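The structure appears below as structure tokens.
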Amino acid sequence: MKRTTEQDSNYTDLDKMSVAELLAGINNEDKSVPLAVEKVIPAIESLVNVIVEKISNGGRLFYIGAGTSGRLGILDASECPPTYGVPFDMVVGIIAGGDKAIRKAVENAEDNAEQAWKDLQEFNISDKDVLVGIAASGTTPYVIGGLKKANENGLETGCIVCNAGSPVAEASKHPIEVVVGPEFVTGSTRMKSGTAQKLVLNMISTTTMIRLGKVKGNKMVDMQLSNIKLVGRAVNMIMQATNLDEKTAQSLLDQYGSVRKAVENAPTK
């Protein structure tokens, strides 16, 4: 398999470049990423439709990955409850090597093809759920093994990879292949590949939550009110939706505890 993620950088003698040249080069490479994502929107749509259907029927979304890919999955999953007020086990991110690998690499964790399915068993994963493997190279044994076992057990599967024709994509029913080309630093897939994965994850979780009714208009009406900034945002959202003054909006928020409920129970003028 030919890995574009491992091809030589389009730039040479990086160690001889000035800071300005390095920054300009990285930025120039980054500009290509959204265009690569745009090309695979139909594939993203296919996966999102499956995820929405499964979650609507009581299922969950699982991400598995190693290294940067695993961390990005955990990041996306962890943002769903505070942003959209969903249960913490609706979207779950799992990284090879366990939670300690979020901060520090765990040697050889990604090479164990059996471990992902064992990790997923702790969540009682079933055919009601969807499993998405994240791997820039598309060759990570941990991810391949997890997807294959998921397929054997009747789950819907998808992936986000940055090489074409990879084993991870082959093991997925709904593959997303975002080919971003060589990295600025050869093989450093935390850069363009990681950015592409983050963009796709944003699209998957955001679109899914909107389709599940967690956004009204363009507002996060079910967000958790976990700090002063978010409380202030919530009050403004209630004011906009109801044309009520700030004091009344704050009182409604205090009473009902969420923007959605406050707006639904707001007095009409």
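Note on naming: chains are A, B, ... as they come in the structure tokens, residues start from 1 per chain, ligands start from 1 in the order shown.
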Backbone DSSP call of alpha helix (DSSP H) for region 39-218 of chain A, listed as a PyMOL selection string: chain A and resi 41-56+67-84+115-121+141-152+167-170+192-211
Can you tell me, as number ranges by chain, what residues are no more than 6 Å from region 147-161 of chain A when counting only C-alpha atoms, ignoring any on the same chain fewer than 3 positions away? A: 127, 130-136, 138, 144, 171-177
How about saving the chosen residues, C-alpha atoms kept, as a compact mmCIF listing (two decimals), in the first residue's frame?
# COMPACT_ATOMS: atom_id res chain seq x y z
CA ASP A 127 -25.43 -3.88 17.11
CA VAL A 130 -21.93 2.65 15.53
CA LEU A 131 -18.14 2.29 15.60
CA VAL A 132 -15.88 4.79 13.81
CA GLY A 133 -12.16 4.04 13.51
CA ILE A 134 -9.78 7.00 13.23
CA ALA A 135 -6.32 6.40 11.74
CA ALA A 136 -4.33 8.79 9.57
CA GLY A 138 -5.27 3.63 7.72
CA ILE A 144 -8.50 -2.61 12.07
CA ALA A 171 -12.77 -2.92 7.20
CA SER A 172 -15.38 -0.11 7.29
CA LYS A 173 -18.87 -0.13 5.84
CA HIS A 174 -18.85 3.68 5.56
CA PRO A 175 -15.24 4.79 4.93
CA ILE A 176 -14.18 8.44 4.78
CA GLU A 177 -10.84 8.84 3.01
Leaving out Val143 (chain A) and any residue of its chain fewer than 5 positions from it, which residues lie within 7 Å of it when counting only C-alpha atoms, given as an mmCIF file with C-alpha atoms, in the first residue's frame?
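Produced file result_34.cif, reproduced below:
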data_model
loop_
_atom_site.group_PDB
_atom_site.id
_atom_site.type_symbol
_atom_site.label_atom_id
_atom_site.label_comp_id
_atom_site.auth_asym_id
_atom_site.auth_seq_id
_atom_site.Cartn_x
_atom_site.Cartn_y
_atom_site.Cartn_z
ATOM 1 C CA ILE A 64 -11.440 4.275 18.433
ATOM 2 C CA GLY A 65 -7.928 5.339 17.521
ATOM 3 C CA ALA A 116 -9.908 -2.543 20.798
ATOM 4 C CA GLY A 133 -12.163 4.043 13.512
ATOM 5 C CA VAL A 168 -8.966 0.471 7.863
#
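Atom pair CA of Leu244 (chain A) / CA of Pro267 (chain A): separated by 8.8 Å.
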query: Counting only C-alpha atoms, what is within 12 Å of Asn108 (chain A), bar same-chain residues fewer than 2 positions away, as a PyMOL selection string?
result: chain A and resi 66-67+96-97+101+105-106+110-113+115+140-142
Since we have the selection now, will you write its residues out, keeping N, CA and C atoms, as a CSV table (one decimal), in the first residue's frame?
chain,number,residue,atom,x,y,z
A,66,ALA,N,-5.5,5.5,17.8
A,66,ALA,CA,-4.3,5.5,18.6
A,66,ALA,C,-3.6,6.8,18.4
A,67,GLY,N,-2.8,7.2,19.4
A,67,GLY,CA,-2.1,8.5,19.3
A,67,GLY,C,-2.9,9.7,19.0
A,96,ALA,N,-6.1,3.7,22.2
A,96,ALA,CA,-5.2,2.6,22.4
A,96,ALA,C,-4.3,2.9,23.6
A,97,GLY,N,-4.2,2.0,24.5
A,97,GLY,CA,-3.4,2.2,25.7
A,97,GLY,C,-4.1,2.8,26.9
A,101,ALA,N,-2.9,7.1,27.9
A,101,ALA,CA,-2.3,7.4,26.6
A,101,ALA,C,-2.7,8.8,26.0
A,105,ALA,N,2.4,8.7,25.3
A,105,ALA,CA,2.3,7.6,24.4
A,105,ALA,C,2.6,6.3,25.1
A,106,VAL,N,1.8,5.3,24.8
A,106,VAL,CA,2.0,3.9,25.4
A,106,VAL,C,2.6,3.0,24.3
A,110,GLU,N,-0.8,0.5,19.9
A,110,GLU,CA,-1.6,0.5,18.6
A,110,GLU,C,-1.4,-0.8,17.8
A,111,ASP,N,-0.4,-1.6,18.2
A,111,ASP,CA,-0.1,-2.8,17.4
A,111,ASP,C,-0.9,-4.0,17.8
A,112,ASN,N,-1.7,-3.9,18.9
A,112,ASN,CA,-2.5,-5.0,19.4
A,112,ASN,C,-3.9,-5.0,18.7
A,113,ALA,N,-4.1,-6.0,17.8
A,113,ALA,CA,-5.3,-6.0,17.0
A,113,ALA,C,-6.5,-6.6,17.8
A,115,GLN,N,-7.1,-5.8,21.2
A,115,GLN,CA,-7.4,-5.0,22.4
A,115,GLN,C,-8.6,-4.0,22.2
A,140,THR,N,-3.5,1.1,11.2
A,140,THR,CA,-3.3,0.8,12.7
A,140,THR,C,-4.0,-0.5,13.1
A,141,PRO,N,-3.3,-1.5,13.5
A,141,PRO,CA,-3.9,-2.8,13.9
A,141,PRO,C,-5.0,-2.7,14.9
A,142,TYR,N,-4.8,-1.8,15.9
A,142,TYR,CA,-5.8,-1.6,17.0
A,142,TYR,C,-7.1,-1.3,16.4
Of A:Val179, A:Glu21, A:Cys80, A:Ser166, the one sitting nearest Thr195 (chain A) when using only C-alpha atoms is A:Val179
* Nearest to Pro87 (chain A), chosen from A:Val19, A:Met223, A:Ala196, A:Val33, with only C-alpha atoms counted in the distances ->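 Of the candidates, the smallest distance to Pro87 (chain A) is held by A:Met223.
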### Distance in Å - CA of Met220 (chain A) versus CA of Ser193 (chain A)
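Pair CA of Met220 (chain A) / CA of Ser193 (chain A) returns 28.7 Å.
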Subject >> Near-region 53-63 of chain A list (8 Å; only C-alpha atoms; drop same-chain fewer than 2 positions) as a ChimeraX atom specification >> reply: /A:49-51,65,70,73-74,77,89-94,128-134,212
Output of the above residues as a PDB file, in the first residue's frame, restricted to C-alpha atoms:
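Saved file out_5.pdb follows:
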ATOM      1  CA  ASN A  49     -27.220   9.312   8.280  1.00  0.00           C
ATOM      2  CA  VAL A  50     -26.388   5.946   9.845  1.00  0.00           C
ATOM      3  CA  ILE A  51     -25.275   7.532  13.126  1.00  0.00           C
ATOM      4  CA  GLY A  65      -7.928   5.339  17.521  1.00  0.00           C
ATOM      5  CA  GLY A  70      -7.384   8.556  19.424  1.00  0.00           C
ATOM      6  CA  GLY A  73     -11.857  11.135  18.963  1.00  0.00           C
ATOM      7  CA  ILE A  74     -11.843  11.628  22.726  1.00  0.00           C
ATOM      8  CA  ALA A  77     -16.773  12.892  22.259  1.00  0.00           C
ATOM      9  CA  ASP A  89     -22.177   7.748  27.230  1.00  0.00           C
ATOM     10  CA  MET A  90     -23.905   8.756  23.985  1.00  0.00           C
ATOM     11  CA  VAL A  91     -20.614   9.543  22.220  1.00  0.00           C
ATOM     12  CA  VAL A  92     -17.571   7.679  23.539  1.00  0.00           C
ATOM     13  CA  GLY A  93     -13.914   8.052  22.557  1.00  0.00           C
ATOM     14  CA  ILE A  94     -11.445   5.238  23.240  1.00  0.00           C
ATOM     15  CA  LYS A 128     -27.477  -0.852  18.217  1.00  0.00           C
ATOM     16  CA  ASP A 129     -24.253   1.183  18.174  1.00  0.00           C
ATOM     17  CA  VAL A 130     -21.926   2.653  15.528  1.00  0.00           C
ATOM     18  CA  LEU A 131     -18.139   2.293  15.601  1.00  0.00           C
ATOM     19  CA  VAL A 132     -15.879   4.786  13.809  1.00  0.00           C
ATOM     20  CA  GLY A 133     -12.163   4.043  13.512  1.00  0.00           C
ATOM     21  CA  ILE A 134      -9.784   6.997  13.227  1.00  0.00           C
ATOM     22  CA  LEU A 212     -31.253  14.956  16.760  1.00  0.00           C
TER      23      LEU A 212
END
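Residues within 12 Å of Gln250 (chain A), counting only C-alpha atoms and excluding same-chain residues fewer than 6 positions away, are A:Val231, A:Gly232, A:Arg233, A:Ala234, A:Val235, A:Asn236, A:Met237, A:Ile238, A:Met239, A:Leu244, A:Tyr256, A:Gly257, A:Ser258, A:Val259, A:Ala262, A:Val263, A:Ala266.
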field: Polymer residues at most 9 Å from Pro82 (chain A), only C-alpha atoms, same-chain spacing of 3 or more positions, as a PyMOL selection string
entry: chain A and resi 78-79+85-86+222-226
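In this comparison, which uses only C-alpha atoms, the residue of A:Thr5, A:Asn202, A:Asn163, A:Gln121 approaching Gly146 (chain A) most closely is A:Gln121.
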> Quick one: distance from CA of Lys31 (chain A) to CA of Phe184 (chain A) in Å, one decimal?
Replying inline: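 That distance, rounded to one decimal, is 12.0 Å.
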So, with only C-alpha atoms as the atoms that count, which of A:Thr208, A:Asn265, A:Thr12, A:Ser188 lies closest to Ala241 (chain A)?
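Once distances to Ala241 (chain A) are computed over only C-alpha atoms, the minimum belongs to A:Asn265.
Taking only C-alpha atoms into account, Arg103 (chain A) lies nearest to A:Thr68 out of the set A:Glu170, A:Gly213, A:Thr68, A:Asn28.
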| field | Distance criterion (only C-alpha atoms): nearest to Tyr84 (chain A) out of A:Lys104, A:Lys16, A:Lys229, A:Lys219 | value |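 Under the stated criterion, the closest residue is A:Lys219.
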- Item | DSSP strand (DSSP E or B) residues within region 145-227 of chain A, as a list in words |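 Output for region 145-227 of chain A, strand (DSSP E or B) only: Glu156, Thr157, Gly158, Cys159, Ile160, Val161, His174, Pro175, Ile176, Glu177, Lys216 and Lys219 of chain A.
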Save the residues we just selected, C-alpha atoms, as a PDB file, in the first residue's frame?
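The file below, selection27.pdb, is the result:
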ATOM      1  CA  GLU A 156     -22.436  -0.298  11.503  1.00  0.00           C
ATOM      2  CA  THR A 157     -18.840   0.824  11.025  1.00  0.00           C
ATOM      3  CA  GLY A 158     -17.086   3.854   9.571  1.00  0.00           C
ATOM      4  CA  CYS A 159     -13.642   5.399   9.537  1.00  0.00           C
ATOM      5  CA  ILE A 160     -11.659   8.582   8.983  1.00  0.00           C
ATOM      6  CA  VAL A 161      -8.342   7.931   7.225  1.00  0.00           C
ATOM      7  CA  HIS A 174     -18.854   3.675   5.557  1.00  0.00           C
ATOM      8  CA  PRO A 175     -15.244   4.795   4.933  1.00  0.00           C
ATOM      9  CA  ILE A 176     -14.178   8.436   4.782  1.00  0.00           C
ATOM     10  CA  GLU A 177     -10.836   8.835   3.014  1.00  0.00           C
ATOM     11  CA  LYS A 216     -32.899  25.418  17.701  1.00  0.00           C
ATOM     12  CA  LYS A 219     -28.453  28.092  19.099  1.00  0.00           C
TER      13      LYS A 219
END
